[in-house]
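For reference, the structure is listed below as structure tokens.
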Amino acid sequence: MLSNSCKYGIRAIVYIASRSQKGGMVGIKQISQDLGLPSPFLAKILQQLAKQKILSSAKGPNGGFSLVKDPKKITLLDIVKTIDGDDIMSSCVIHNDNCTNLDKRQQTCTLHEDYSKIRAEIIELFEKRTIYELLRKAANSDNIIF
């Protein structure tokens, strides 16, 4: 459902948030190495997040990435919309169209009623779940989120 880019972005933000609590920037090489993600691909994702003022970035020997916002104010929806766009929130499962364009179409897809309920739940989850909560849950668990 989410693109790999989006999944990597979420993992990287949580990682950066966990390191930012100690202060300073986190370098792309360190993030890439610790998360096992390709550095050039990850850099593009993190630059997208920096353009949307979720992360800040700095070049140079002490450069890297850090959070701009408080992790309590960054939702999963912020990240998903930045990386994957709004399509996940409105695209039809079967038709090559947007579910908000139902008035233009005479029929809905056969999954519309079922999927629209699930989509609403996913949107609600993404709106409510913050990076801080993911960090807190990871700290209280044997499961490592990254």
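Each chain in the structure tokens gets a letter, A, B, ..., in the order shown, and its residues are numbered from 1; ligands are numbered from 1 in order too.
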
>> Give me, as a VMD selection string, all polymer residues having an atom no more than 9 Å from Ile10 in chain A, counting only C-alpha atoms and skipping those fewer than 6 positions away in the same chain.
In response: chain A and resid 76 79 to 80 131

Residue selection dump (C-alpha atoms) as a compact mmCIF listing (two decimals), in the first residue's frame:
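That gives us result-v4.txt:
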# COMPACT_ATOMS: atom_id res chain seq x y z
CA LEU A 76 2.49 9.61 9.68
CA ILE A 79 5.20 11.85 5.82
CA VAL A 80 2.88 9.83 3.59
CA ILE A 131 6.63 9.98 15.38

> Which residues come within 12 Å of range 50-62 of chain A, counting only C-alpha atoms, excluding same-chain residues fewer than 4 positions away, as a PyMOL selection string?
Replying inline: chain A and resi 9-10+12-14+16-17+20+24-29+43-46+66-71+73-83+131

Output C-alpha atoms of each residue in that selection to a file, as a tab-separated table (two decimals), in the first residue's frame.
chain	number	residue	atom	x	y	z
A	9	GLY	CA	11.08	7.79	4.94
A	10	ILE	CA	9.13	6.75	8.02
A	12	ALA	CA	14.50	7.29	8.65
A	13	ILE	CA	12.42	9.93	10.46
A	14	VAL	CA	12.00	7.67	13.48
A	16	ILE	CA	16.61	10.64	13.15
A	17	ALA	CA	14.16	11.48	15.95
A	20	SER	CA	18.13	13.97	17.61
A	24	GLY	CA	23.00	17.49	16.57
A	25	MET	CA	22.61	16.27	13.05
A	26	VAL	CA	22.59	12.69	11.84
A	27	GLY	CA	24.66	12.00	8.73
A	28	ILE	CA	23.21	10.29	5.67
A	29	LYS	CA	25.94	7.63	5.70
A	43	ALA	CA	19.11	11.08	0.30
A	44	LYS	CA	16.38	11.88	-2.25
A	45	ILE	CA	13.67	10.87	0.19
A	46	LEU	CA	15.15	12.93	3.01
A	66	SER	CA	17.58	16.71	12.04
A	67	LEU	CA	13.92	17.25	12.81
A	68	VAL	CA	12.48	20.72	12.30
A	69	LYS	CA	9.29	19.97	14.21
A	70	ASP	CA	8.68	18.37	17.57
A	71	PRO	CA	8.17	14.60	17.03
A	73	LYS	CA	3.66	17.19	15.96
A	74	ILE	CA	4.82	15.05	13.03
A	75	THR	CA	2.16	12.57	11.97
A	76	LEU	CA	2.49	9.61	9.68
A	77	LEU	CA	0.08	11.42	7.37
A	78	ASP	CA	2.58	14.30	7.05
A	79	ILE	CA	5.20	11.85	5.82
A	80	VAL	CA	2.88	9.83	3.59
A	81	LYS	CA	1.52	12.93	1.86
A	82	THR	CA	5.01	14.33	1.35
A	83	ILE	CA	6.44	11.18	-0.19
A	131	ILE	CA	6.63	9.98	15.38

>> So that I can check the secondary structure, give me every residue of range 20-137 of chain A assigned helix (DSSP H, G or I) by backbone DSSP, as a PyMOL selection string.
In response: chain A and resi 20+28-35+39-51+71-73+76-84+87-90+99-104+112-128+131-137

> Restricting the calculation to only C-alpha atoms, which member of A:Asn140, A:Gln47, A:Met89, A:Glu133 is positioned closest to Glu121 in chain A?
Replying inline: A:Met89

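You can rank A:Asn4, A:Gln30, A:Ser91, A:Gln48 by their closest distance to Cys109 in chain A using only C-alpha atoms, and at the top of that list sits A:Ser91.
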
> Which residue out of A:Ala138, A:Leu35, A:Leu111, A:Ile123 has the minimum interatomic distance to Ile88 in chain A when only C-alpha atoms are used?
Replying inline: A:Ile123

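Residue nearest Glu127 in chain A within the list A:Cys92, A:Phe65, A:Asp87, A:Lys72: A:Lys72 [criterion: smallest interatomic distance, only C-alpha atoms].
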
> When you draw a straight line from CA of Gly64 in chain A to CA of Ser3 in chain A, how long is it in Å?
Replying inline: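 Distance reported for this atom pair: 23.9 Å.
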
>> Write out as a list in words the set of residues from chain A that DSSP, computed on the backbone, places in strand (DSSP E or B).
In response: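 Restricting chain A to strand (DSSP E or B) produces Val26, Leu55, Ser56, Ser57, Ala58, Gly64, Phe65, Ser66, Leu67, Thr75, Ser91, Asn98 and Thr130 of chain A.
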
Please produce a file of the residues just selected, as a compact mmCIF listing (two decimals), in the first residue's frame, where the atoms kept are C-alpha atoms.
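So result-v2.txt came out as:
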# COMPACT_ATOMS: atom_id res chain seq x y z
CA VAL A 26 22.59 12.69 11.84
CA LEU A 55 13.59 17.85 8.37
CA SER A 56 16.42 20.30 8.17
CA SER A 57 19.58 19.45 6.31
CA ALA A 58 23.09 20.79 6.36
CA GLY A 64 23.27 15.73 8.12
CA PHE A 65 19.60 15.76 8.99
CA SER A 66 17.58 16.71 12.04
CA LEU A 67 13.92 17.25 12.81
CA THR A 75 2.16 12.57 11.97
CA SER A 91 -7.60 6.70 -5.55
CA ASN A 98 -10.17 9.32 -7.98
CA THR A 130 2.92 10.63 15.63

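CA of Glu124 in chain A sits 29.1 Å away from CA of Ile31 in chain A.
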
>> So, with only C-alpha atoms as the atoms that count, which of A:Phe41, A:Asp86, A:Gln33, A:Gly63 lies closest to Tyr8 in chain A?
In response: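 Among A:Phe41, A:Asp86, A:Gln33, A:Gly63, it is A:Phe41 that comes nearest to Tyr8 in chain A.
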